[in-house]
file my_file-v9.pdb (PDB, C-alpha atoms)
ATOM      1  CA  MET A   1      79.741 -97.340  52.973
ATOM      2  CA  GLU A   2      76.567 -96.493  54.834
ATOM      3  CA  PRO A   3      74.279 -99.402  55.787
ATOM      4  CA  LYS A   4      71.090 -99.767  53.788
ATOM      5  CA  THR A   5      67.863 -98.795  55.480
ATOM      6  CA  ASP A   6      64.444-100.174  54.946
ATOM      7  CA  ALA A   7      62.673 -96.943  53.897
ATOM      8  CA  PRO A   8      59.177 -98.409  53.492
ATOM      9  CA  ASN A   9      59.288 -99.909  56.997
ATOM     10  CA  GLN A  10      60.552 -96.656  58.481
ATOM     11  CA  GLN A  11      57.814 -94.731  56.737
ATOM     12  CA  LYS A  12      55.234 -97.172  58.058
ATOM     13  CA  VAL A  13      56.494 -96.681  61.618
ATOM     14  CA  ARG A  14      56.391 -92.907  61.244
ATOM     15  CA  GLY A  15      52.920 -93.067  59.762
ATOM     16  CA  ASP A  16      51.655 -94.978  62.793
ATOM     17  CA  LEU A  17      52.324 -92.008  65.046
ATOM     18  CA  PRO A  18      49.372 -89.593  65.014
ATOM     19  CA  ASN A  19      50.306 -85.909  64.752
ATOM     20  CA  SER A  20      54.023 -86.649  64.347
ATOM     21  CA  ALA A  21      55.945 -84.288  62.101
ATOM     22  CA  ALA A  22      57.124 -87.092  59.796
ATOM     23  CA  GLY A  23      53.838 -88.952  59.682
ATOM     24  CA  ARG A  24      51.417 -86.019  59.533
ATOM     25  CA  HIS A  25      48.172 -87.144  57.946
ATOM     26  CA  VAL A  26      47.142 -85.322  54.804
ATOM     27  CA  ALA A  27      43.654 -83.939  55.460
ATOM     28  CA  GLY A  28      41.058 -85.590  53.265
ATOM     29  CA  ARG A  29      43.103 -88.718  52.550
ATOM     30  CA  ILE A  30      41.433 -91.971  53.550
ATOM     31  CA  ASP A  31      43.658 -94.639  55.091
ATOM     32  CA  ARG A  32      43.540 -97.323  57.775
ATOM     33  CA  GLU A  33      43.728 -94.856  60.681
ATOM     34  CA  HIS A  34      41.490 -92.270  59.002
ATOM     35  CA  PRO A  35      38.611 -94.254  57.467
ATOM     36  CA  LEU A  36      36.529 -91.097  56.999
ATOM     37  CA  GLY A  37      39.348 -88.833  55.880
ATOM     38  CA  GLY A  38      39.771 -85.642  57.885
ATOM     39  CA  GLU A  39      41.322 -85.598  61.341
ATOM     40  CA  MET A  40      38.554 -86.885  63.584
ATOM     41  CA  SER A  41      40.589 -90.010  64.381
ATOM     42  CA  ASP A  42      43.479 -87.843  65.595
ATOM     43  CA  VAL A  43      41.169 -85.779  67.808
ATOM     44  CA  LEU A  44      39.658 -88.907  69.367
ATOM     45  CA  HIS A  45      43.095 -90.544  69.780
ATOM     46  CA  GLY A  46      44.369 -87.494  71.659
ATOM     47  CA  ILE A  47      41.345 -87.300  73.946
ATOM     48  CA  LEU A  48      41.434 -91.026  74.772
ATOM     49  CA  THR A  49      45.151 -90.733  75.512
ATOM     50  CA  ARG A  50      44.519 -87.824  77.899
ATOM     51  CA  VAL A  51      41.695 -89.545  79.772
ATOM     52  CA  ARG A  52      43.601 -92.877  79.778
ATOM     53  CA  LEU A  53      41.106 -95.293  78.263
ATOM     54  CA  PRO A  54      43.403 -97.948  76.737
ATOM     55  CA  TRP A  55      40.590-100.353  75.901
ATOM     56  CA  LEU A  56      38.985 -97.718  73.657
ATOM     57  CA  LEU A  57      42.342 -96.431  72.423
ATOM     58  CA  GLN A  58      42.925 -99.759  70.690
ATOM     59  CA  HIS A  59      39.835 -99.165  68.518
ATOM     60  CA  TYR A  60      39.894 -95.372  68.123
ATOM     61  CA  SER A  61      39.988 -95.485  64.308
ATOM     62  CA  ARG A  62      37.022 -97.819  63.869
ATOM     63  CA  VAL A  63      33.972 -96.266  62.238
ATOM     64  CA  PRO A  64      31.494 -97.253  65.023
ATOM     65  CA  VAL A  65      33.770 -95.656  67.643
ATOM     66  CA  LEU A  66      34.108 -92.491  65.541
ATOM     67  CA  ALA A  67      30.330 -92.444  65.081
ATOM     68  CA  LEU A  68      29.838 -92.663  68.853
ATOM     69  CA  PHE A  69      32.354 -89.846  69.375
ATOM     70  CA  SER A  70      30.535 -87.696  66.786
ATOM     71  CA  PHE A  71      27.204 -88.380  68.493
ATOM     72  CA  ILE A  72      28.477 -87.472  71.965
ATOM     73  CA  ASN A  73      30.425 -84.438  70.775
ATOM     74  CA  GLY A  74      27.496 -83.152  68.729
ATOM     75  CA  CYS A  75      25.116 -83.542  71.664
ATOM     76  CA  ILE A  76      27.483 -81.687  73.978
ATOM     77  CA  SER A  77      28.351 -78.896  71.525
ATOM     78  CA  ILE A  78      24.824 -77.989  70.528
ATOM     79  CA  GLY A  79      23.378 -79.060  73.886
ATOM     80  CA  LEU A  80      25.340 -76.337  75.668
ATOM     81  CA  MET A  81      23.973 -73.735  73.255
ATOM     82  CA  SER A  82      20.448 -75.079  73.770
ATOM     83  CA  VAL A  83      20.767 -74.837  77.556
ATOM     84  CA  LEU A  84      21.891 -71.211  77.222
ATOM     85  CA  ALA A  85      18.941 -70.554  74.919
ATOM     86  CA  VAL A  86      16.507 -71.949  77.514
ATOM     87  CA  ILE A  87      18.106 -70.068  80.425
ATOM     88  CA  THR A  88      18.333 -66.713  78.651
ATOM     89  CA  ARG A  89      15.226 -67.214  76.479
ATOM     90  CA  SER A  90      17.335 -65.999  73.579
ATOM     91  CA  PRO A  91      18.206 -67.610  70.205
ATOM     92  CA  PHE A  92      21.615 -69.027  71.124
ATOM     93  CA  ILE A  93      20.917 -71.953  68.812
ATOM     94  CA  PHE A  94      20.546 -71.707  65.036
ATOM     95  CA  PRO A  95      21.050 -74.158  62.113
ATOM     96  CA  SER A  96      24.467 -73.069  60.822
ATOM     97  CA  LEU A  97      26.093 -73.853  64.187
ATOM     98  CA  GLY A  98      25.743 -77.539  63.289
ATOM     99  CA  PRO A  99      28.066 -77.586  60.246
ATOM    100  CA  THR A 100      30.488 -75.271  62.052
ATOM    101  CA  ALA A 101      30.719 -77.725  64.961
ATOM    102  CA  PHE A 102      31.301 -80.601  62.549
ATOM    103  CA  LEU A 103      34.126 -78.720  60.803
ATOM    104  CA  PHE A 104      35.784 -78.011  64.158
ATOM    105  CA  PHE A 105      36.210 -81.712  64.932
ATOM    106  CA  TYR A 106      36.345 -83.295  61.459
ATOM    107  CA  THR A 107      38.992 -81.065  59.868
ATOM    108  CA  PRO A 108      40.203 -78.826  62.729
ATOM    109  CA  THR A 109      43.438 -77.739  61.009
ATOM    110  CA  ALA A 110      41.720 -76.795  57.743
ATOM    111  CA  PRO A 111      41.747 -73.023  57.104
ATOM    112  CA  SER A 112      37.936 -72.919  56.991
ATOM    113  CA  ALA A 113      37.787 -74.290  60.564
ATOM    114  CA  SER A 114      40.154 -71.725  62.098
ATOM    115  CA  PRO A 115      38.765 -69.196  64.608
ATOM    116  CA  ARG A 116      39.565 -66.331  62.216
ATOM    117  CA  ASN A 117      37.639 -67.808  59.299
ATOM    118  CA  THR A 118      34.787 -68.920  61.539
ATOM    119  CA  LEU A 119      34.190 -65.602  63.276
ATOM    120  CA  ILE A 120      34.758 -63.422  60.222
ATOM    121  CA  GLY A 121      32.707 -65.748  58.017
ATOM    122  CA  HIS A 122      29.644 -65.741  60.276
ATOM    123  CA  ALA A 123      29.965 -61.975  60.873
ATOM    124  CA  VAL A 124      30.065 -61.363  57.125
ATOM    125  CA  GLY A 125      27.070 -63.653  56.634
ATOM    126  CA  ALA A 126      25.013 -61.908  59.304
ATOM    127  CA  ALA A 127      25.906 -58.438  58.010
ATOM    128  CA  ALA A 128      25.213 -59.368  54.371
ATOM    129  CA  GLY A 129      21.883 -60.897  55.339
ATOM    130  CA  TYR A 130      20.763 -57.814  57.250
ATOM    131  CA  LEU A 131      21.954 -55.493  54.472
ATOM    132  CA  SER A 132      19.864 -57.454  51.990
ATOM    133  CA  LEU A 133      16.814 -56.961  54.227
ATOM    134  CA  ILE A 134      17.432 -53.192  54.279
ATOM    135  CA  VAL A 135      17.876 -53.012  50.499
ATOM    136  CA  THR A 136      14.668 -54.946  49.829
ATOM    137  CA  GLY A 137      12.631 -53.291  52.609
ATOM    138  CA  LEU A 138      12.061 -56.533  54.513
ATOM    139  CA  THR A 139      13.438 -55.614  57.935
ATOM    140  CA  MET A 140       9.926 -55.679  59.439
ATOM    141  CA  ALA A 141       8.528 -58.553  57.352
ATOM    142  CA  GLY A 142       7.829 -61.950  58.839
ATOM    143  CA  PRO A 143       9.872 -65.081  58.060
ATOM    144  CA  ALA A 144       9.562 -66.441  54.548
ATOM    145  CA  LEU A 145       8.475 -69.805  55.973
ATOM    146  CA  THR A 146       5.443 -68.067  57.509
ATOM    147  CA  VAL A 147       4.418 -65.346  55.046
ATOM    148  CA  GLY A 148       5.657 -67.066  51.897
ATOM    149  CA  VAL A 149       8.331 -66.307  49.311
ATOM    150  CA  THR A 150       7.993 -63.062  47.365
ATOM    151  CA  TRP A 151      10.143 -61.411  44.697
ATOM    152  CA  PRO A 152      11.805 -59.071  47.246
ATOM    153  CA  ARG A 153      12.615 -62.140  49.364
ATOM    154  CA  ILE A 154      14.173 -63.903  46.369
ATOM    155  CA  ILE A 155      16.318 -60.830  45.700
ATOM    156  CA  ALA A 156      17.314 -60.642  49.381
ATOM    157  CA  ALA A 157      18.344 -64.305  49.498
ATOM    158  CA  GLY A 158      20.386 -64.126  46.303
ATOM    159  CA  LEU A 159      22.008 -60.825  47.249
ATOM    160  CA  SER A 160      22.941 -62.016  50.748
ATOM    161  CA  LEU A 161      24.547 -65.236  49.565
ATOM    162  CA  GLY A 162      26.421 -63.507  46.759
ATOM    163  CA  LEU A 163      27.745 -60.812  49.093
ATOM    164  CA  THR A 164      28.767 -63.376  51.699
ATOM    165  CA  ALA A 165      30.675 -65.506  49.201
ATOM    166  CA  GLY A 166      32.403 -62.552  47.561
ATOM    167  CA  VAL A 167      33.405 -60.748  50.769
ATOM    168  CA  MET A 168      34.690 -63.941  52.402
ATOM    169  CA  VAL A 169      36.947 -64.516  49.394
ATOM    170  CA  LEU A 170      38.179 -60.900  49.472
ATOM    171  CA  LEU A 171      38.979 -61.252  53.181
ATOM    172  CA  ARG A 172      40.498 -64.722  52.676
ATOM    173  CA  SER A 173      38.178 -66.037  55.368
ATOM    174  CA  ALA A 174      36.148 -68.762  53.685
ATOM    175  CA  HIS A 175      33.804 -70.600  56.070
ATOM    176  CA  PRO A 176      31.065 -72.563  54.233
ATOM    177  CA  PRO A 177      28.507 -72.608  57.124
ATOM    178  CA  ALA A 178      28.367 -68.796  56.867
ATOM    179  CA  GLY A 179      26.314 -69.324  53.707
ATOM    180  CA  ALA A 180      23.594 -70.814  55.880
ATOM    181  CA  THR A 181      23.885 -67.966  58.387
ATOM    182  CA  THR A 182      23.245 -65.299  55.763
ATOM    183  CA  LEU A 183      20.169 -67.146  54.485
ATOM    184  CA  ILE A 184      18.825 -67.459  58.033
ATOM    185  CA  VAL A 185      18.913 -63.664  58.206
ATOM    186  CA  SER A 186      17.787 -62.821  54.656
ATOM    187  CA  LEU A 187      14.866 -65.261  54.920
ATOM    188  CA  GLY A 188      13.708 -63.436  58.042
ATOM    189  CA  ILE A 189      14.249 -66.229  60.585
ATOM    190  CA  LEU A 190      16.553 -63.948  62.591
ATOM    191  CA  ARG A 191      16.153 -60.317  61.539
ATOM    192  CA  GLN A 192      16.529 -58.130  64.637
ATOM    193  CA  PRO A 193      19.976 -56.580  65.342
ATOM    194  CA  TRP A 194      19.993 -57.917  68.926
ATOM    195  CA  GLN A 195      19.380 -61.405  67.553
ATOM    196  CA  LEU A 196      22.435 -61.063  65.303
ATOM    197  CA  VAL A 197      24.547 -60.063  68.308
ATOM    198  CA  LEU A 198      23.432 -63.228  70.125
ATOM    199  CA  LEU A 199      24.143 -65.221  66.983
ATOM    200  CA  MET A 200      27.762 -64.055  67.028
ATOM    201  CA  ALA A 201      28.007 -64.699  70.778
ATOM    202  CA  ALA A 202      26.983 -68.315  70.147
ATOM    203  CA  VAL A 203      29.655 -68.621  67.441
ATOM    204  CA  VAL A 204      32.285 -67.278  69.875
ATOM    205  CA  LEU A 205      31.269 -69.796  72.565
ATOM    206  CA  LEU A 206      31.386 -72.701  70.106
ATOM    207  CA  THR A 207      34.799 -71.561  68.867
ATOM    208  CA  LEU A 208      36.158 -71.446  72.433
ATOM    209  CA  GLN A 209      34.914 -74.990  72.925
ATOM    210  CA  ALA A 210      36.712 -76.075  69.752
ATOM    211  CA  ILE A 211      39.961 -74.505  70.962
ATOM    212  CA  ALA A 212      39.696 -76.276  74.317
ATOM    213  CA  ILE A 213      38.842 -79.740  72.968
ATOM    214  CA  ASN A 214      41.278 -79.762  70.049
ATOM    215  CA  ARG A 215      44.181 -78.496  72.137
ATOM    216  CA  LEU A 216      43.320 -81.009  74.846
ATOM    217  CA  ALA A 217      43.578 -83.694  72.172
ATOM    218  CA  GLY A 218      47.012 -82.457  71.107
ATOM    219  CA  ILE A 219      45.811 -81.096  67.758
ATOM    220  CA  PRO A 220      47.746 -77.966  66.652
ATOM    221  CA  TYR A 221      44.540 -75.975  66.470
ATOM    222  CA  PRO A 222      45.217 -72.244  65.997
ATOM    223  CA  LEU A 223      44.092 -69.547  68.390
ATOM    224  CA  TRP A 224      43.284 -67.236  65.477
ATOM    225  CA  SER A 225      44.763 -67.562  61.975
ATOM    226  CA  PRO A 226      44.906 -70.856  60.024
ATOM    227  CA  VAL A 227      47.955 -73.070  60.348
ATOM    228  CA  ARG A 228      50.416 -72.400  57.527
ATOM    229  CA  GLU A 229      51.515 -75.400  55.490
ATOM    230  CA  PRO A 230      55.285 -76.087  55.299
ATOM    231  CA  VAL A 231      56.941 -74.291  52.358
ATOM    232  CA  GLU A 232      59.923 -75.832  50.599
ATOM    233  CA  GLY A 233      62.802 -73.370  50.547
ATOM    234  CA  LYS A 234      65.451 -72.954  47.867
ATOM    235  CA  ASP A 235      67.966 -74.856  49.972
ATOM    236  CA  GLY A 236      65.547 -77.762  50.383
ATOM    237  CA  ALA A 237      64.689 -76.888  53.993
ATOM    238  CA  SER A 238      61.040 -76.674  54.911
ATOM    239  CA  GLN A 239      59.615 -73.670  56.722
ATOM    240  CA  SER A 240      56.269 -73.790  58.463
ATOM    241  CA  GLY A 241      54.187 -71.352  60.398
ATOM    242  CA  ALA A 242      53.121 -72.260  63.924
ATOM    243  CA  PRO A 243      49.489 -71.878  64.923
ATOM    244  CA  THR A 244      48.650 -68.463  66.357
TER     245      THR A 244
END
call {"tool": "encode", "arguments": {"input": "my_file-v9.pdb", "output": "structure tokens"}}
result
Amino acid sequence: MEPKTDAPNQQKVRGDLPNSAAGRHVAGRIDREHPLGGEMSDVLHGILTRVRLPWLLQHYSRVPVLALFSFINGCISIGLMSVLAVITRSPFIFPSLGPTAFLFFYTPTAPSASPRNTLIGHAVGAAAGYLSLIVTGLTMAGPALTVGVTWPRIIAAGLSLGLTAGVMVLLRSAHPPAGATTLIVSLGILRQPWQLVLLMAAVVLLTLQAIAINRLAGIPYPLWSPVREPVEGKDGASQSGAPT
């Protein structure tokens, strides 16, 4: 007869190990180690472990510590883009980079935060926005915030957002911040082709930063496609796709 095991205690021990296979946190679930949901606590835990700061490691899941991490990370992420913008005198900084950066470090293993979804999503948004300007004859018009909102501008904004949402779904590359990118273009804030190229360059740089930081923290952040969730096979064995 096999000895009885204390399953709840074993599960508790497994759950105390961040990023372990048995105790993998379900994204979005709020618990003691993830007071905000998401995976920000895991990212911070991995970074503090790498840099060997035990006095902070003991409090990594506290909300004030996570808030400080978000503040520092946000300043660095967007600060780098701002420095490039000043040096090159080019628009390397634009509003939809903010929510993209937050996704990278709040839910890094979510499909919408993968490099594939991020790059394709923003590219679709930029292309849809510029196409809407061509259709409505607004490629040479000033920004809506300066010249005001007209009926062609309303059509351009609606068309760009609809195209972005529909094409992202067709390509299975949903990335919510791309909705802001397409409006930035269709509202005339960025409307020159060279500006759209710089926009995508900024997205690439931010994505490379996300890969570096998340992998440094030990998060299984993909290099391209989203991480596949484990699938239960007919024999009861689970099969999962590794990040690529």
call {"tool": "resolve_selection", "arguments": {"input": "my_file-v9.pdb", "expression": "the PyMOL selection byres ((chain A and resi 124) around 10)", "output": "ChimeraX atom specification"}}
result
/A:118-123,125-130,160,163-168,171,173,178-179,181-182
call {"tool": "residues_around", "arguments": {"input": "my_file-v9.pdb", "residues": "A:Leu44", "least_positions_apart": "5", "cutoff": "10 Å", "atoms": "only C-alpha atoms", "output": "ChimeraX atom specification"}}
result
/A:39,49-50,56-57,60-61,65-66,69-70,105,213-214,217-218
call {"tool": "write_last_selection", "arguments": {"input": "my_file-v9.pdb", "atoms": "C-alpha atoms", "output": "CSV table (one decimal), keeping the file's coordinate frame"}}
result
chain,number,residue,atom,x,y,z
A,39,GLU,CA,41.3,-85.6,61.3
A,49,THR,CA,45.2,-90.7,75.5
A,50,ARG,CA,44.5,-87.8,77.9
A,56,LEU,CA,39.0,-97.7,73.7
A,57,LEU,CA,42.3,-96.4,72.4
A,60,TYR,CA,39.9,-95.4,68.1
A,61,SER,CA,40.0,-95.5,64.3
A,65,VAL,CA,33.8,-95.7,67.6
A,66,LEU,CA,34.1,-92.5,65.5
A,69,PHE,CA,32.4,-89.8,69.4
A,70,SER,CA,30.5,-87.7,66.8
A,105,PHE,CA,36.2,-81.7,64.9
A,213,ILE,CA,38.8,-79.7,73.0
A,214,ASN,CA,41.3,-79.8,70.0
A,217,ALA,CA,43.6,-83.7,72.2
A,218,GLY,CA,47.0,-82.5,71.1
call {"tool": "closest_residue", "arguments": {"input": "my_file-v9.pdb", "among": "A:Ser114, A:Ala144, A:Ala174, A:Gln195", "to": "A:Pro226", "atoms": "only C-alpha atoms"}}
result
A:Ser114
call {"tool": "atom_distance", "arguments": {"input": "my_file-v9.pdb", "atom1": "atom CA of A:Pro35", "atom2": "atom CA of A:Leu208"}}
result
27.4 Å
call {"tool": "resolve_selection", "arguments": {"input": "my_file-v9.pdb", "expression": "the PyMOL selection byres ((chain A and resi 97) around 12)", "output": "ChimeraX atom specification"}}
result
/A:74,77-82,91-96,98-104,118-119,122,175-181,184,199-207
call {"tool": "atom_distance", "arguments": {"input": "my_file-v9.pdb", "atom1": "atom CA of A:Leu53", "atom2": "atom CA of A:Arg32"}}
result
20.7 Å
call {"tool": "closest_residue", "arguments": {"input": "my_file-v9.pdb", "among": "A:Leu198, A:Ile47, A:Thr107, A:Ala157", "to": "A:Ala85", "atoms": "all atoms listed in the file"}}
result
A:Leu198
call {"tool": "closest_residue", "arguments": {"input": "my_file-v9.pdb", "among": "A:Ser90, A:Thr109, A:Ser225, A:Thr139", "to": "A:Val197", "atoms": "all atoms listed in the file"}}
result
A:Ser90
call {"tool": "atom_distance", "arguments": {"input": "my_file-v9.pdb", "atom1": "atom CA of A:Met140", "atom2": "atom CA of A:Leu84"}}
result
26.5 Å
call {"tool": "closest_residue", "arguments": {"input": "my_file-v9.pdb", "among": "A:Val63, A:Ile154, A:Val147, A:Val51", "to": "A:Leu36", "atoms": "all atoms listed in the file"}}
result
A:Val63
call {"tool": "closest_residue", "arguments": {"input": "my_file-v9.pdb", "among": "A:Leu145, A:Met40, A:Val169, A:Ile219", "to": "A:Asn117", "atoms": "all atoms listed in the file"}}
result
A:Val169
call {"tool": "axis_aligned_box", "arguments": {"input": "my_file-v9.pdb", "around": "stretch 123-127 of chain A", "padding_each_side": "3 Å", "output": "JSON"}}
result
{"center_x": 27.5, "center_y": -61.0, "center_z": 58.8, "size_x": 11.1, "size_y": 11.2, "size_z": 10.2}
call {"tool": "closest_residue", "arguments": {"input": "my_file-v9.pdb", "among": "A:Arg191, A:Ala67, A:Gly46, A:Arg62", "to": "A:His34", "atoms": "only C-alpha atoms"}}
result
A:Arg62
call {"tool": "resolve_selection", "arguments": {"input": "my_file-v9.pdb", "expression": "the PyMOL selection byres ((chain A and resi 141) around 12)", "output": "list in words"}}
result
Leu133, Ile134, Thr136, Gly137, Leu138, Thr139, Met140, Gly142, Pro143, Ala144, Leu145, Thr146, Val147, Gly148, Val149, Thr150, Pro152, Arg153, Val185, Ser186, Leu187, Gly188, Ile189, Leu190, Arg191 and Gln192 of chain A
call {"tool": "write_last_selection", "arguments": {"input": "my_file-v9.pdb", "atoms": "C-alpha atoms", "output": "tab-separated table (two decimals), keeping the file's coordinate frame"}}
result
chain	number	residue	atom	x	y	z
A	133	LEU	CA	16.81	-56.96	54.23
A	134	ILE	CA	17.43	-53.19	54.28
A	136	THR	CA	14.67	-54.95	49.83
A	137	GLY	CA	12.63	-53.29	52.61
A	138	LEU	CA	12.06	-56.53	54.51
A	139	THR	CA	13.44	-55.61	57.94
A	140	MET	CA	9.93	-55.68	59.44
A	142	GLY	CA	7.83	-61.95	58.84
A	143	PRO	CA	9.87	-65.08	58.06
A	144	ALA	CA	9.56	-66.44	54.55
A	145	LEU	CA	8.48	-69.81	55.97
A	146	THR	CA	5.44	-68.07	57.51
A	147	VAL	CA	4.42	-65.35	55.05
A	148	GLY	CA	5.66	-67.07	51.90
A	149	VAL	CA	8.33	-66.31	49.31
A	150	THR	CA	7.99	-63.06	47.36
A	152	PRO	CA	11.80	-59.07	47.25
A	153	ARG	CA	12.62	-62.14	49.36
A	185	VAL	CA	18.91	-63.66	58.21
A	186	SER	CA	17.79	-62.82	54.66
A	187	LEU	CA	14.87	-65.26	54.92
A	188	GLY	CA	13.71	-63.44	58.04
A	189	ILE	CA	14.25	-66.23	60.58
A	190	LEU	CA	16.55	-63.95	62.59
A	191	ARG	CA	16.15	-60.32	61.54
A	192	GLN	CA	16.53	-58.13	64.64
